[in-house]
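Engineer: This one is query.txt, compact mmCIF, C-alpha atoms.
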```
# COMPACT_ATOMS: atom_id res chain seq x y z
CA ARG A 1 0.00 0.00 0.00
CA VAL A 2 1.14 3.52 -0.76
CA PRO A 3 0.64 5.97 2.16
CA MET A 4 -1.23 9.05 0.95
CA PHE A 5 -0.50 11.13 4.05
CA GLU A 6 2.48 11.48 6.34
CA GLU A 7 0.26 12.18 9.34
CA ILE A 8 -3.43 12.20 10.23
CA GLN A 9 -4.52 14.18 13.28
CA PHE A 10 -7.88 13.55 14.96
CA VAL A 11 -8.94 16.74 16.72
CA PRO A 12 -11.99 16.69 19.03
CA VAL A 13 -14.06 19.82 18.40
CA THR A 14 -17.33 19.83 20.33
CA GLU A 15 -18.94 22.87 18.72
CA ALA A 16 -20.36 22.35 15.24
CA ALA A 17 -19.79 26.02 14.33
CA ALA A 18 -16.10 25.63 15.16
CA ARG A 19 -15.82 22.55 12.95
CA ILE A 20 -17.33 24.47 10.04
CA ALA A 21 -15.12 27.49 10.70
CA GLY A 22 -12.07 25.22 10.71
CA LEU A 23 -12.98 23.95 7.26
CA GLU A 24 -13.41 27.51 5.98
CA THR A 25 -10.02 28.65 7.24
CA GLY A 26 -8.22 25.51 6.13
CA GLN A 27 -7.41 24.48 9.71
CA PHE A 28 -9.29 21.21 9.13
CA ASP A 29 -9.41 19.04 6.03
CA PHE A 30 -12.46 17.06 7.13
CA ALA A 31 -15.30 17.56 9.60
CA GLU A 32 -18.05 15.16 10.67
CA ALA A 33 -21.39 15.51 12.45
CA ILE A 34 -22.29 18.84 10.89
CA PRO A 35 -25.90 19.95 11.54
CA VAL A 36 -28.07 19.17 8.53
CA THR A 37 -29.45 22.71 8.74
CA SER A 38 -26.02 23.88 7.54
CA TYR A 39 -26.22 21.91 4.29
CA ASP A 40 -27.38 24.76 2.05
CA SER A 41 -24.89 27.27 3.43
CA ILE A 42 -21.80 25.06 3.23
CA SER A 43 -22.85 23.88 -0.26
CA GLN A 44 -22.38 27.45 -1.43
CA LYS A 45 -18.95 27.95 0.13
CA ALA A 46 -16.01 27.79 -2.26
CA GLY A 47 -13.54 25.03 -1.46
CA ILE A 48 -15.92 23.01 0.74
CA ARG A 49 -17.70 19.89 -0.47
CA PRO A 50 -20.58 18.49 1.61
CA ILE A 51 -20.93 14.70 1.91
CA ILE A 52 -24.10 12.89 2.97
CA MET A 53 -23.06 9.68 4.75
CA LYS A 54 -25.64 7.04 3.86
CA PRO A 55 -26.23 4.96 5.88
CA ARG A 56 -24.78 6.43 9.08
CA TRP A 57 -27.01 5.98 12.14
CA ASN A 58 -30.02 3.91 13.10
CA ILE A 59 -32.01 5.99 15.56
CA MET A 60 -32.90 3.39 18.18
CA LEU A 61 -34.64 2.93 21.50
CA GLU A 62 -33.33 0.26 23.85
CA LEU A 63 -35.82 -1.02 26.39
CA ASN A 64 -35.24 -2.25 29.93
CA GLN A 65 -37.51 -5.27 29.97
CA GLY A 66 -36.77 -5.97 33.61
CA GLU A 67 -38.47 -2.76 34.73
CA PRO A 68 -42.30 -2.92 34.94
CA PRO A 69 -44.38 -2.21 32.93
CA MET A 70 -41.75 -2.70 30.20
CA ASP A 71 -41.68 -6.38 31.13
CA LYS A 72 -45.00 -6.69 29.29
CA VAL A 73 -44.77 -6.80 25.48
CA PRO A 74 -48.15 -5.06 24.98
CA PHE A 75 -46.80 -2.00 26.81
CA ALA A 76 -43.73 -1.88 24.54
CA LYS A 77 -46.02 -2.19 21.52
CA ALA A 78 -48.07 0.73 22.84
CA LEU A 79 -44.89 2.82 22.70
CA VAL A 80 -44.52 1.95 19.01
CA TYR A 81 -48.16 2.55 18.09
CA ALA A 82 -47.95 5.98 19.74
CA LEU A 83 -45.24 7.15 17.32
CA ASP A 84 -45.36 8.74 13.91
CA MET A 85 -41.82 7.79 12.84
CA ASP A 86 -41.83 10.28 9.96
CA LYS A 87 -42.63 13.08 12.38
CA VAL A 88 -39.65 12.08 14.53
CA MET A 89 -37.29 11.97 11.57
CA GLN A 90 -38.55 15.33 10.28
CA ALA A 91 -37.80 16.82 13.70
CA VAL A 92 -34.27 15.42 13.50
CA THR A 93 -33.55 16.68 9.99
CA GLY A 94 -35.67 19.82 9.71
CA GLY A 95 -37.81 17.94 7.22
CA ASN A 96 -34.98 17.52 4.71
CA LYS A 97 -35.60 14.09 3.20
CA GLN A 98 -32.05 13.88 1.88
CA PHE A 99 -31.04 13.07 5.43
CA TYR A 100 -33.42 10.34 6.53
CA ARG A 101 -35.23 7.20 5.53
CA LEU A 102 -38.06 5.35 7.21
CA ASP A 103 -36.85 1.81 7.65
CA PRO A 104 -37.84 -0.92 10.15
CA GLY A 105 -34.76 -3.14 9.82
CA VAL A 106 -31.78 -3.19 12.16
CA PHE A 107 -29.64 -3.73 9.06
CA ALA A 108 -29.58 -1.00 6.41
CA ARG A 109 -31.14 -1.63 3.01
CA GLU A 110 -27.64 -1.58 1.54
CA ALA A 111 -26.58 -4.54 3.72
CA ALA A 112 -26.72 -8.24 2.78
CA TYR A 113 -28.78 -8.97 5.89
CA PHE A 114 -31.48 -6.33 5.49
CA SER A 115 -34.92 -7.59 6.56
CA GLU A 116 -38.32 -6.03 7.18
CA ALA A 117 -39.78 -9.16 8.78
CA GLY A 118 -42.30 -8.54 11.55
CA SER A 119 -42.71 -4.82 10.93
CA LYS A 120 -45.67 -4.66 8.55
CA ASP A 121 -48.46 -4.17 11.11
CA LEU A 122 -46.43 -2.30 13.74
CA TYR A 123 -43.75 0.01 12.37
CA ASN A 124 -44.97 3.56 11.66
CA LYS A 125 -48.60 2.59 12.18
CA LYS A 126 -49.61 5.28 14.68
CA ASP A 127 -52.92 4.31 16.27
CA LEU A 128 -53.95 6.05 19.49
CA ALA A 129 -57.00 3.82 19.93
CA LYS A 130 -54.68 0.80 19.82
CA VAL A 131 -52.39 2.49 22.35
CA LYS A 132 -55.31 3.02 24.72
CA GLN A 133 -56.34 -0.63 24.35
CA LEU A 134 -52.84 -1.96 25.03
CA LEU A 135 -52.30 0.31 28.04
CA ALA A 136 -55.59 -0.92 29.52
CA GLU A 137 -54.56 -4.52 28.81
CA VAL A 138 -51.45 -4.21 30.99
CA GLY A 139 -53.19 -2.13 33.67
CA TYR A 140 -51.11 0.99 33.08
CA LYS A 141 -52.22 3.76 35.47
CA GLY A 142 -49.91 6.58 34.45
CA GLU A 143 -46.80 5.42 36.28
CA PRO A 144 -43.67 7.40 35.34
CA ILE A 145 -41.72 5.94 32.41
CA ILE A 146 -38.08 6.95 32.74
CA TYR A 147 -36.42 7.90 29.45
CA LEU A 148 -32.61 8.27 29.43
CA VAL A 149 -31.56 11.06 27.05
CA ASN A 150 -28.68 13.42 26.24
CA LYS A 151 -27.83 16.62 24.38
CA ASP A 152 -24.38 15.45 23.27
CA PHE A 153 -25.76 14.21 19.94
CA GLU A 154 -27.99 16.79 18.30
CA TRP A 155 -29.98 14.16 16.39
CA MET A 156 -30.69 12.18 19.57
CA TYR A 157 -31.77 15.36 21.32
CA LYS A 158 -34.19 16.37 18.56
CA ALA A 159 -35.55 12.82 18.31
CA CYS A 160 -36.24 12.51 22.03
CA LEU A 161 -38.17 15.79 22.15
CA SER A 162 -40.47 14.64 19.35
CA MET A 163 -41.06 11.24 20.94
CA GLU A 164 -41.66 12.68 24.38
CA GLN A 165 -44.41 14.90 22.99
CA GLN A 166 -46.07 12.09 21.07
CA TRP A 167 -45.98 9.67 24.01
CA LYS A 168 -47.45 12.24 26.36
CA GLU A 169 -50.23 12.96 23.86
CA ALA A 170 -50.95 9.22 23.88
CA GLY A 171 -51.32 9.15 27.67
CA ILE A 172 -47.90 7.75 28.56
CA ASN A 173 -46.23 9.54 31.46
CA ILE A 174 -42.73 9.98 30.04
CA GLN A 175 -40.13 11.52 32.32
CA MET A 176 -36.81 12.36 30.70
CA GLU A 177 -33.57 12.06 32.66
CA TRP A 178 -30.73 14.08 31.14
CA TYR A 179 -27.12 12.88 31.13
CA ASP A 180 -23.90 13.40 29.24
CA TRP A 181 -23.36 10.46 26.89
CA ALA A 182 -20.85 8.57 29.05
CA SER A 183 -23.03 8.92 32.15
CA GLN A 184 -26.10 7.82 30.20
CA ILE A 185 -24.39 4.59 29.16
CA LYS A 186 -23.25 4.00 32.74
CA LYS A 187 -26.81 4.50 34.01
CA ALA A 188 -28.24 2.20 31.34
CA GLN A 189 -25.81 -0.55 32.26
CA THR A 190 -27.13 -0.64 35.83
CA ARG A 191 -30.34 -2.08 34.28
CA LYS A 192 -32.30 -0.48 37.12
CA GLY A 193 -34.46 2.61 37.54
CA TRP A 194 -35.16 3.31 33.88
CA HIS A 195 -37.34 2.08 31.00
CA ILE A 196 -36.14 3.58 27.70
CA ASN A 197 -32.61 4.39 26.56
CA GLN A 198 -32.20 6.78 23.63
CA THR A 199 -29.35 5.65 21.42
CA GLY A 200 -28.13 5.13 17.88
CA TRP A 201 -26.57 2.15 16.16
CA SER A 202 -23.87 2.56 13.55
CA PRO A 203 -24.26 0.30 10.49
CA ARG A 204 -24.06 -3.39 11.35
CA LEU A 205 -22.11 -5.55 8.92
CA ASP A 206 -22.78 -9.02 10.32
CA PRO A 207 -25.50 -10.56 12.55
CA SER A 208 -22.83 -11.53 15.09
CA GLN A 209 -22.91 -7.84 16.08
CA LEU A 210 -26.44 -8.35 17.42
CA GLU A 211 -25.21 -10.51 20.30
CA GLY A 212 -24.59 -7.42 22.44
CA PRO A 213 -28.09 -5.90 22.32
CA LEU A 214 -30.10 -9.13 21.96
CA HIS A 215 -28.46 -12.08 23.74
CA SER A 216 -29.81 -12.74 27.23
CA ALA A 217 -26.29 -13.06 28.68
CA SER A 218 -25.31 -9.56 27.52
CA VAL A 219 -25.54 -6.51 29.78
CA GLY A 220 -26.46 -4.52 26.66
CA ALA A 221 -29.63 -6.59 26.16
CA TYR A 222 -31.01 -4.76 29.23
CA ASN A 223 -32.92 -7.72 30.66
CA TYR A 224 -34.30 -8.89 27.30
CA ASN A 225 -34.40 -12.67 27.55
CA ASN A 226 -35.85 -15.01 24.94
CA PRO A 227 -34.33 -18.50 24.53
CA LYS A 228 -35.51 -18.55 20.92
CA MET A 229 -33.45 -15.42 20.17
CA ASP A 230 -30.42 -16.91 21.92
CA ALA A 231 -30.79 -20.06 19.78
CA LEU A 232 -31.04 -18.06 16.54
CA LEU A 233 -27.94 -16.07 17.43
CA ALA A 234 -26.09 -19.30 18.25
CA GLU A 235 -27.08 -20.72 14.86
CA MET A 236 -25.64 -17.61 13.21
CA ARG A 237 -22.24 -18.41 14.71
CA LYS A 238 -21.97 -21.71 12.76
CA GLY A 239 -20.54 -20.26 9.57
CA LEU A 240 -23.47 -21.19 7.38
CA PRO A 241 -23.82 -20.15 3.71
CA LEU A 242 -25.08 -16.62 3.10
CA LYS A 243 -28.58 -17.60 1.97
CA GLU A 244 -29.12 -19.69 5.10
CA ARG A 245 -27.87 -16.86 7.29
CA GLN A 246 -30.22 -14.44 5.53
CA LYS A 247 -33.15 -16.73 6.36
CA LEU A 248 -32.01 -16.78 9.97
CA MET A 249 -31.82 -12.99 9.93
CA ASP A 250 -35.44 -12.84 8.79
CA GLN A 251 -36.35 -14.88 11.87
CA ILE A 252 -34.27 -12.64 14.13
CA GLN A 253 -35.82 -9.47 12.70
CA GLN A 254 -39.31 -11.00 13.07
CA LEU A 255 -38.62 -11.77 16.72
CA ILE A 256 -37.24 -8.27 17.34
CA TRP A 257 -40.63 -6.83 16.41
CA ASP A 258 -42.69 -9.63 17.97
CA ASP A 259 -40.96 -9.07 21.33
CA VAL A 260 -40.22 -5.37 20.77
CA ALA A 261 -36.69 -6.17 21.87
CA VAL A 262 -35.63 -2.73 20.62
CA ILE A 263 -37.47 -0.04 18.66
CA LYS A 264 -36.10 1.18 15.35
CA ILE A 265 -37.17 4.74 14.48
CA GLY A 266 -35.41 5.38 11.18
CA ASP A 267 -32.13 5.89 9.31
CA TYR A 268 -30.35 9.19 9.85
CA PHE A 269 -27.80 10.24 7.22
CA GLU A 270 -25.05 12.39 8.66
CA LEU A 271 -23.66 15.53 7.03
CA GLU A 272 -19.88 15.67 6.73
CA ALA A 273 -17.63 17.87 4.65
CA VAL A 274 -14.15 18.16 3.16
```
Show how you would write the structure in this file as structure tokens.
Structural biologist:
Amino acid sequence: RVPMFEEIQFVPVTEAAARIAGLETGQFDFAEAIPVTSYDSISQKAGIRPIIMKPRWNIMLELNQGEPPMDKVPFAKALVYALDMDKVMQAVTGGNKQFYRLDPGVFAREAAYFSEAGSKDLYNKKDLAKVKQLLAEVGYKGEPIIYLVNKDFEWMYKACLSMEQQWKEAGINIQMEWYDWASQIKKAQTRKGWHINQTGWSPRLDPSQLEGPLHSASVGAYNYNNPKMDALLAEMRKGLPLKERQKLMDQIQQLIWDDVAVIKIGDYFELEAV
């Protein structure tokens, strides 16, 4: 291989405006995580080329299924039926459809393991009457539902505000707890005292990467425990041919929605620039 650069420096810059300014002055050659609202302005700047990273993030909700009433699948389904996913993604992107896609799969459409199994009658099917029915079924009486959130990632912040509003309108008593990102992860890993964890998944390349959030032995599964899921994940580890693994992935994706193991909101495409 021929090295193209003598040195690459990674410089943490927390403020988006400072990242953009660094591009303009030539201090930086590349900047990531630029607010999508800056797309039009940086597109018009000489010497700067915007890049839309697609795919980049799955906007996800991880659920603590050991914390009542989240231990009841109908309650988790009520959370899904309360949401207009397009409304959430518009809040994240300012309505710019270049930067999002509604998609129910934990693998991106560009991936070999993409699947929509199990999502047809649940994903982006907002139905407040159904929410009311499911909440009554589990005996929900307005108990606080603790939602772990942060402002470190602008897209997570905008997403959580939209979902909080929609859940409250559906009669779900959401209470947001604010953390910095590192503290949020630490709190989530206690697996106690919370119900919903706002997060994002980077693109998955292989189903083996689902062990962390879905296998019962993993802290990151947050008390999700289904022997059938564990068995499917174990089967994936056997080095089977691609077509057989794709069929297994359909079963895994089906079970994700049947159990509401996690909730996929949509695909967020990040703005970067050189």
Engineer: Ranking A:Leu233, A:Val138, A:Leu271, A:Ile185 by minimum distance to Ala33 (chain A) and counting all atoms listed in the file, which one comes first?
Structural biologist: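 Looking at the shortest contact to Ala33 (chain A), the residue is A:Leu271.
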Engineer: Using all atoms listed in the file, can you tell me which of A:Trp155, A:Ala112, A:Glu272, A:Gly95 comes closest to Asp206 (chain A)?
Structural biologist: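 When distances to Asp206 (chain A) are compared using all atoms listed in the file, the smallest one comes from A:Ala112.
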Engineer: Taking only C-alpha atoms into account, name the residue in A:Asn64, A:Asn150, A:Gln165, A:Gln98 that is nearest to Leu214 (chain A).
Structural biologist: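 Closest to Leu214 (chain A), using only C-alpha atoms: A:Asn64.
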Engineer: Considering all atoms listed in the file, return as a PyMOL selection string whatever protein or nucleic-acid residues lie within 7 Å of region 258-262 of chain A, sequence-local ones (same chain, fewer than 4 positions apart) excluded.
Structural biologist: chain A and resi 61-63+73+76-77+118+224+254
Engineer: Identify, on the basis of all atoms listed in the file, every residue whose closest approach to Gly142 (chain A) does not exceed 7 Å; exclude the query and any residue fewer than 2 positions from it along the same chain; express the result as a list in words.
Structural biologist: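 Here the answer would be Tyr140, Pro144, Ile172 and Asn173 of chain A.
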